[in-house]
Amino acid sequence: MRAVRDWFANPWGQPRLLGAFTWLYMAWSIVPVGIAILFSFNNGRSRSVWQGFSTRWWWGDPNNSVLHDPTLRGAIEQSLRLAGLDMIVAVPLGVGLAVGLTRWRGYGARPVNYLMLFPLVTPEIVMAVSLLLVFSLLYSIPFGTEAQALGQVTFSISYVVIIVRGRLLSIGPEYEEAARDLGASQLGAFRLALLPLLWPAVFASFIVVFALSIDDFVVTAYMSAGQSTQTVPILIYSSVRGTATPALNAVATVMVVITLLSVGLAYVVYRWSARKQAATTSNALNEIAALEV
Amino acid sequence: MRRWFWPSFAVPGVAWLVLLFLVPTYAVVAVAFGTIDPLSLNPVPAWNPLDWQFSTMQSVLAELKPGHTFWIVFVRTFEYVAIALAGCLLIGYPVAYYLARYARRTRGILLILLIVPFWVSYLMRMLAWVGLLLPDGLVNRVLLHLGVISQPYPWLAGQSSSVIFALIYGYVPYMILPLYAVLDRIDRSVLEAGRDLGGNPISTFLHVTLPLSKNGILAASVLITLPMFGDYYTNDVISGSPKTSMIGNQINLYFQGGSEANVGASLVIVLSLFLAVLMSYYLWVTVRASAETKESLL
């Protein structure tokens, strides 16, 4: 009631209702995940009824805990392995594509630009089905880790291009031109002038590709070869409706912790390196926020 | 300057996208217009357009007539996505608006909270809700305690409402960030002008903020609508019942264990054509925006 009265008194003041709504939304979006994490410490088989605190699903149980169950551990390892492969391959490909597309003024640039944007707007199931068909019918690539990595790289490249191109457009061609005027070769100008300026965007690309890979379900599931190549999202999908124990919550928690830690660490490094660069004065947090768009 | 210097940077990436995006897309077409080997039940793709058979597509299109199987699934998908999109907008816009216009000291922490769901995998967030919505889960216990229901409600047993709720929960973060980016870019002096010209907050919002954020709303809507149309896992995890199956579930069914890959591929084509309108709009906006950035820098 007070919020309503305040609004009538000064409609241009702080809107408390809107503020309350925003905080309520934040709680709604995060508290459920917190509860799921809490239940990984449940001292019982239930994922919905609290039966006291224990670490049995983390390491106590000799068979079914995250530490001792090879299926659970394998899923975490596979997720991380794919994230590593995806980062190693997609980031250089995407950086090259972004640099090529921005600096190249020819007939080919426009169609390539569209080709690059298509994976972003294609629903994942469409991409997964097309890869499934082409791998089995044309390329005869066996399903498994390699196929999963190929698929993940395919949808990751575009994100790298978008991030790096944004940075490239804001840098402009002046620095390379200066380097060229000072006698650097074309390659030298790229390596000595452009690449160092691109570093924050490359770094951001690594983080985003890591997150994309860890989070991916559809393509990774379609490209998997049974239980041996199952990732954490696949594990959750296939067992969440069954009789899974809180160990499933523990596995999911491991991934959340790994992701948040690496992103947090990356953010600190990013800020630190951005501070050293006078060109980057805008709010780094806003930049990270804009990355996802 | 060597002319091939810059294009050569793009070659590996372009080759990758051609081999692993363009060719696979054609493979879907070849399978949809191909046949099925009667013995092995494997699809036999028709790579040559002259060999295309249209009988599968015709039967799929027949099932798309009002009242038939695919029609029902398509309409249901459309309903779910439309309601979820409306929900995402109703929740997302006010949050983005508050963040962009009012949050000052709390903006940093709110932005972090806003980004956290991006780093928690989608299925982890669904897992969280499964735990809460189980018959003996927290939601049912709270509702029982409050006397809203007299016995546990089967939230996870094929409820449309649960699926739509989960879609909103899953996709709303992807909507808020682009909306925030657009609203944050609106010049404060424009809003002050609205105020000085005698507008109250509501009319200023309706005549200034809303029109200025129209493109952002459309782009963000397309951004979450496209993946929602292909979503099958939310449904499988939250409902698991054919009563709520969406077009994504139908496609998934044909490829995971099904023996009619050509029917599945035909459905993929139908879905893609349907979404092509949305996609081209989004591409148009993106390309135009990047062209504008280029121009403003020149």
# chains A, B, ... in the order shown; residues from 1 in each chain; ligands from 1
>>> select_by_dssp(residues="segment 152-194 of chain B", states="alpha helix (DSSP H)", output="PyMOL selection string")
chain B and resi 160-185+188-194
>>> residues_around(residues="segment 235-252 of chain A", least_positions_apart="4", cutoff="8 Å", atoms="only C-alpha atoms", output="list in words")
Ala36, Ile37, Phe39, Ser40, Phe41, Asn42, Gly44, Arg45, Ser46, Arg47, Trp57, Trp58, Asn64, Ser65, Val66, Leu72, Arg73, Ala75, Ile76, Gln230, Thr231 and Val256 of chain A; Leu123, Met124, Leu127, Val130, Tyr233 and Val237 of chain B
>>> write_last_selection(atoms="N, CA and C atoms", output="PDB file, in the first residue's frame")
ATOM      1  N   ALA A  36      18.251 -27.440  -5.048  1.00  0.00           N
ATOM      2  CA  ALA A  36      18.746 -28.668  -5.683  1.00  0.00           C
ATOM      3  C   ALA A  36      20.160 -28.984  -5.207  1.00  0.00           C
ATOM      4  N   ILE A  37      20.968 -27.938  -5.045  1.00  0.00           N
ATOM      5  CA  ILE A  37      22.333 -28.150  -4.551  1.00  0.00           C
ATOM      6  C   ILE A  37      22.282 -28.672  -3.123  1.00  0.00           C
ATOM      7  N   PHE A  39      20.015 -30.432  -1.748  1.00  0.00           N
ATOM      8  CA  PHE A  39      19.563 -31.820  -1.695  1.00  0.00           C
ATOM      9  C   PHE A  39      20.663 -32.816  -2.072  1.00  0.00           C
ATOM     10  N   SER A  40      21.755 -32.336  -2.663  1.00  0.00           N
ATOM     11  CA  SER A  40      22.853 -33.265  -2.917  1.00  0.00           C
ATOM     12  C   SER A  40      23.476 -33.721  -1.600  1.00  0.00           C
ATOM     13  N   PHE A  41      23.183 -32.993  -0.518  1.00  0.00           N
ATOM     14  CA  PHE A  41      23.693 -33.375   0.807  1.00  0.00           C
ATOM     15  C   PHE A  41      22.636 -34.094   1.628  1.00  0.00           C
ATOM     16  N   ASN A  42      21.585 -34.587   0.965  1.00  0.00           N
ATOM     17  CA  ASN A  42      20.511 -35.247   1.714  1.00  0.00           C
ATOM     18  C   ASN A  42      20.979 -36.613   2.223  1.00  0.00           C
ATOM     19  N   GLY A  44      19.510 -39.434   2.528  1.00  0.00           N
ATOM     20  CA  GLY A  44      18.458 -40.385   2.176  1.00  0.00           C
ATOM     21  C   GLY A  44      18.409 -40.481   0.677  1.00  0.00           C
ATOM     22  N   ARG A  45      17.559 -41.355   0.133  1.00  0.00           N
ATOM     23  CA  ARG A  45      17.534 -41.532  -1.311  1.00  0.00           C
ATOM     24  C   ARG A  45      16.666 -40.498  -2.015  1.00  0.00           C
ATOM     25  N   SER A  46      15.928 -39.696  -1.241  1.00  0.00           N
ATOM     26  CA  SER A  46      14.954 -38.798  -1.850  1.00  0.00           C
ATOM     27  C   SER A  46      15.615 -37.514  -2.332  1.00  0.00           C
ATOM     28  N   ARG A  47      15.084 -37.003  -3.479  1.00  0.00           N
ATOM     29  CA  ARG A  47      15.557 -35.720  -3.979  1.00  0.00           C
ATOM     30  C   ARG A  47      14.547 -34.632  -3.654  1.00  0.00           C
ATOM     31  N   TRP A  57      26.364 -38.953  -0.744  1.00  0.00           N
ATOM     32  CA  TRP A  57      26.245 -38.962  -2.198  1.00  0.00           C
ATOM     33  C   TRP A  57      27.434 -38.294  -2.870  1.00  0.00           C
ATOM     34  N   TRP A  58      28.250 -37.611  -2.065  1.00  0.00           N
ATOM     35  CA  TRP A  58      29.451 -36.992  -2.619  1.00  0.00           C
ATOM     36  C   TRP A  58      30.622 -37.980  -2.594  1.00  0.00           C
ATOM     37  N   ASN A  64      27.621 -45.630  -4.974  1.00  0.00           N
ATOM     38  CA  ASN A  64      26.747 -44.707  -5.698  1.00  0.00           C
ATOM     39  C   ASN A  64      27.096 -43.235  -5.517  1.00  0.00           C
ATOM     40  N   SER A  65      28.208 -42.941  -4.863  1.00  0.00           N
ATOM     41  CA  SER A  65      28.562 -41.531  -4.708  1.00  0.00           C
ATOM     42  C   SER A  65      29.294 -41.035  -5.951  1.00  0.00           C
ATOM     43  N   VAL A  66      29.350 -39.701  -6.082  1.00  0.00           N
ATOM     44  CA  VAL A  66      30.010 -39.107  -7.252  1.00  0.00           C
ATOM     45  C   VAL A  66      31.451 -39.600  -7.351  1.00  0.00           C
ATOM     46  N   LEU A  72      28.925 -41.673 -13.067  1.00  0.00           N
ATOM     47  CA  LEU A  72      28.785 -40.261 -12.715  1.00  0.00           C
ATOM     48  C   LEU A  72      30.074 -39.502 -12.996  1.00  0.00           C
ATOM     49  N   ARG A  73      31.191 -40.115 -12.565  1.00  0.00           N
ATOM     50  CA  ARG A  73      32.474 -39.448 -12.786  1.00  0.00           C
ATOM     51  C   ARG A  73      32.759 -39.319 -14.278  1.00  0.00           C
ATOM     52  N   ALA A  75      30.662 -38.972 -16.677  1.00  0.00           N
ATOM     53  CA  ALA A  75      29.869 -37.901 -17.297  1.00  0.00           C
ATOM     54  C   ALA A  75      30.542 -36.554 -17.093  1.00  0.00           C
ATOM     55  N   ILE A  76      31.063 -36.325 -15.879  1.00  0.00           N
ATOM     56  CA  ILE A  76      31.755 -35.056 -15.611  1.00  0.00           C
ATOM     57  C   ILE A  76      32.983 -34.947 -16.498  1.00  0.00           C
ATOM     58  N   GLN A 230      28.442 -40.205 -22.404  1.00  0.00           N
ATOM     59  CA  GLN A 230      27.359 -39.365 -21.905  1.00  0.00           C
ATOM     60  C   GLN A 230      27.925 -38.217 -21.078  1.00  0.00           C
ATOM     61  N   THR A 231      27.372 -37.013 -21.311  1.00  0.00           N
ATOM     62  CA  THR A 231      27.802 -35.839 -20.548  1.00  0.00           C
ATOM     63  C   THR A 231      26.828 -35.609 -19.395  1.00  0.00           C
ATOM     64  N   VAL A 256      28.078 -26.955 -11.828  1.00  0.00           N
ATOM     65  CA  VAL A 256      27.793 -25.550 -11.513  1.00  0.00           C
ATOM     66  C   VAL A 256      29.014 -24.902 -10.870  1.00  0.00           C
TER      67      VAL A 256
ATOM     68  N   LEU B 123      19.590 -28.033 -18.085  1.00  0.00           N
ATOM     69  CA  LEU B 123      19.018 -29.241 -17.489  1.00  0.00           C
ATOM     70  C   LEU B 123      19.195 -29.273 -15.982  1.00  0.00           C
ATOM     71  N   MET B 124      20.238 -28.630 -15.471  1.00  0.00           N
ATOM     72  CA  MET B 124      20.368 -28.507 -14.016  1.00  0.00           C
ATOM     73  C   MET B 124      19.196 -27.700 -13.458  1.00  0.00           C
ATOM     74  N   LEU B 127      16.272 -29.923 -13.512  1.00  0.00           N
ATOM     75  CA  LEU B 127      16.433 -30.882 -12.413  1.00  0.00           C
ATOM     76  C   LEU B 127      15.948 -30.270 -11.104  1.00  0.00           C
ATOM     77  N   VAL B 130      12.202 -30.343 -11.050  1.00  0.00           N
ATOM     78  CA  VAL B 130      11.650 -31.691 -10.875  1.00  0.00           C
ATOM     79  C   VAL B 130      11.622 -32.028  -9.391  1.00  0.00           C
ATOM     80  N   TYR B 233      13.340 -31.499 -24.775  1.00  0.00           N
ATOM     81  CA  TYR B 233      13.834 -32.008 -23.489  1.00  0.00           C
ATOM     82  C   TYR B 233      13.062 -31.445 -22.312  1.00  0.00           C
ATOM     83  N   VAL B 237      11.368 -33.923 -19.674  1.00  0.00           N
ATOM     84  CA  VAL B 237      11.763 -33.919 -18.269  1.00  0.00           C
ATOM     85  C   VAL B 237      10.585 -33.556 -17.369  1.00  0.00           C
TER      86      VAL B 237
END
>>> closest_atom_pairs(of="chain A", to="chain B", cutoff="7 Å", atoms="only C-alpha atoms", output="CSV")
residue,atom,partner,partner_atom,distance
A:Pro11,CA,B:Pro201,CA,6.5
A:Trp12,CA,B:Pro201,CA,6.6
A:Gln14,CA,B:Tyr102,CA,6.8
A:Leu18,CA,B:Tyr98,CA,6.4
A:Gly19,CA,B:Tyr98,CA,6.6
A:Thr22,CA,B:Val95,CA,5.0
A:Met26,CA,B:Leu113,CA,6.5
A:Pro32,CA,B:Ala128,CA,5.5
A:Val33,CA,B:Ala128,CA,5.4
A:Ala36,CA,B:Ala128,CA,4.9
A:Arg47,CA,B:Gly131,CA,5.7
A:Ser48,CA,B:Gly137,CA,4.8
A:Val49,CA,B:Gly137,CA,6.5
A:Leu93,CA,B:Gly13,CA,5.0
A:Gly94,CA,B:Gly13,CA,6.4
A:Gly96,CA,B:Phe9,CA,4.7
A:Leu97,CA,B:Ala10,CA,4.0
A:Val99,CA,B:Phe9,CA,6.7
A:Gly100,CA,B:Ala10,CA,4.7
A:Leu101,CA,B:Ala10,CA,6.6
A:Arg103,CA,B:Trp6,CA,6.1
A:Trp104,CA,B:Trp6,CA,5.4
A:Val121,CA,B:Met279,CA,6.0
A:Pro123,CA,B:Pro227,CA,4.9
A:Glu124,CA,B:Gly230,CA,6.6
A:Ile125,CA,B:Gly230,CA,5.7
A:Val126,CA,B:Val268,CA,6.2
A:Ser130,CA,B:Pro24,CA,4.8
A:Leu131,CA,B:Pro24,CA,5.5
A:Leu133,CA,B:Ala27,CA,6.4
A:Val134,CA,B:Pro24,CA,5.2
A:Thr154,CA,B:Leu20,CA,6.6
A:Leu169,CA,B:Lys294,CA,6.8
A:Ala211,CA,B:Trp119,CA,6.3
A:Asp215,CA,B:Ser121,CA,4.6
A:Pro233,CA,B:Leu123,CA,5.8
A:Ile236,CA,B:Leu123,CA,6.6
A:Tyr237,CA,B:Val237,CA,6.6
A:Val240,CA,B:Leu127,CA,6.5
A:Arg241,CA,B:Val237,CA,6.6
A:Ala252,CA,B:Met124,CA,6.0
A:Val256,CA,B:Val120,CA,5.5
A:Thr259,CA,B:Trp119,CA,6.3
A:Leu260,CA,B:Trp119,CA,6.5
A:Ala289,CA,B:Leu177,CA,6.9
A:Ala290,CA,B:Ala181,CA,6.9
A:Val293,CA,B:Pro178,CA,5.8
>>> residues_around(residues="segment 216-219 of chain A", least_positions_apart="2", cutoff="7 Å", atoms="only C-alpha atoms", output="list in words")
Glu124, Ile125, Ala128, Gly151, Gln152, Leu212, Ser213, Ile214, Ala221, Tyr222, Met223, Pro233 and Ile234 of chain A
>>> write_last_selection(atoms="C-alpha atoms", output="compact mmCIF listing (two decimals), in the first residue's frame")
# COMPACT_ATOMS: atom_id res chain seq x y z
CA GLU A 124 19.25 -27.22 -32.14
CA ILE A 125 17.15 -30.23 -33.03
CA ALA A 128 21.37 -32.29 -34.53
CA GLY A 151 28.89 -30.86 -33.62
CA GLN A 152 29.67 -28.54 -30.71
CA LEU A 212 28.04 -23.32 -24.50
CA SER A 213 29.73 -26.70 -24.53
CA ILE A 214 29.03 -27.51 -20.87
CA ALA A 221 23.10 -36.31 -27.15
CA TYR A 222 22.46 -36.98 -30.85
CA MET A 223 26.21 -37.43 -31.47
CA PRO A 233 23.22 -32.85 -19.24
CA ILE A 234 22.59 -36.21 -20.94
>>> atom_distance(atom1="atom CA of Ala189 of chain A", atom2="atom CA of Thr102 of chain A")
15.6 Å
>>> residues_around(residues="segment 158-168 of chain A", least_positions_apart="5", cutoff="8 Å", atoms="only C-alpha atoms", output="PyMOL selection string")
chain A and resi 90-91+94-95+97-99+102+116-117+119-120+198+201-202+204-205+208-209+291
>>> write_last_selection(atoms="N, CA and C atoms", output="short mmCIF file (atom, residue, chain, number, x, y, z; two decimals), in the first residue's frame")
data_model
loop_
_atom_site.label_atom_id
_atom_site.label_comp_id
_atom_site.auth_asym_id
_atom_site.auth_seq_id
_atom_site.Cartn_x
_atom_site.Cartn_y
_atom_site.Cartn_z
N ALA A 90 37.06 -24.26 -31.82
CA ALA A 90 36.11 -23.23 -32.26
C ALA A 90 36.68 -21.83 -32.16
N VAL A 91 37.48 -21.54 -31.14
CA VAL A 91 37.96 -20.16 -30.97
C VAL A 91 38.89 -19.74 -32.11
N GLY A 94 36.80 -19.32 -35.27
CA GLY A 94 35.90 -18.17 -35.19
C GLY A 94 36.66 -16.85 -35.29
N VAL A 95 37.82 -16.77 -34.64
CA VAL A 95 38.62 -15.54 -34.71
C VAL A 95 39.04 -15.30 -36.16
N LEU A 97 37.61 -16.36 -38.87
CA LEU A 97 36.43 -16.01 -39.66
C LEU A 97 36.03 -14.55 -39.42
N ALA A 98 36.09 -14.12 -38.15
CA ALA A 98 35.71 -12.75 -37.82
C ALA A 98 36.68 -11.76 -38.47
N VAL A 99 37.99 -12.04 -38.33
CA VAL A 99 38.99 -11.14 -38.91
C VAL A 99 38.82 -11.10 -40.43
N THR A 102 35.58 -9.14 -41.48
CA THR A 102 35.56 -7.68 -41.26
C THR A 102 36.50 -6.95 -42.21
N MET A 116 27.35 -17.66 -41.66
CA MET A 116 27.84 -17.66 -40.30
C MET A 116 26.71 -17.43 -39.31
N LEU A 117 25.69 -16.64 -39.71
CA LEU A 117 24.61 -16.33 -38.78
C LEU A 117 23.59 -17.47 -38.67
N PRO A 119 23.70 -20.82 -38.14
CA PRO A 119 23.69 -21.73 -36.99
C PRO A 119 23.10 -21.10 -35.73
N LEU A 120 23.18 -19.75 -35.62
CA LEU A 120 22.65 -19.08 -34.44
C LEU A 120 21.13 -19.16 -34.37
N LEU A 198 42.90 -7.62 -29.80
CA LEU A 198 41.77 -8.55 -29.83
C LEU A 198 41.71 -9.44 -28.60
N ALA A 201 38.61 -9.98 -26.44
CA ALA A 201 37.51 -10.66 -27.14
C ALA A 201 37.80 -12.14 -27.29
N VAL A 202 39.06 -12.49 -27.57
CA VAL A 202 39.43 -13.90 -27.68
C VAL A 202 39.19 -14.59 -26.35
N ALA A 204 37.16 -13.66 -23.95
CA ALA A 204 35.72 -13.78 -23.71
C ALA A 204 35.14 -14.94 -24.53
N SER A 205 35.67 -15.14 -25.74
CA SER A 205 35.18 -16.24 -26.58
C SER A 205 35.44 -17.58 -25.91
N VAL A 208 32.81 -18.10 -23.27
CA VAL A 208 31.46 -18.35 -23.80
C VAL A 208 31.39 -19.74 -24.43
N VAL A 209 32.44 -20.13 -25.17
CA VAL A 209 32.43 -21.46 -25.78
C VAL A 209 32.43 -22.54 -24.70
N LEU A 291 27.85 -9.95 -24.10
CA LEU A 291 28.41 -11.08 -24.84
C LEU A 291 27.37 -12.11 -25.20
#
>>> residues_around(residues="Glu174 of chain A", least_positions_apart="5", cutoff="10 Å", atoms="only C-alpha atoms", output="ChimeraX atom specification")
/A:179-180,193-194
>>> atom_distance(atom1="atom CA of Ser228 of chain A", atom2="atom CA of Phe135 of chain A")
19.0 Å
>>> residues_around(residues="Ala86 of chain B", least_positions_apart="6", cutoff="10 Å", atoms="only C-alpha atoms", output="ChimeraX atom specification")
/B:80,92,168,221
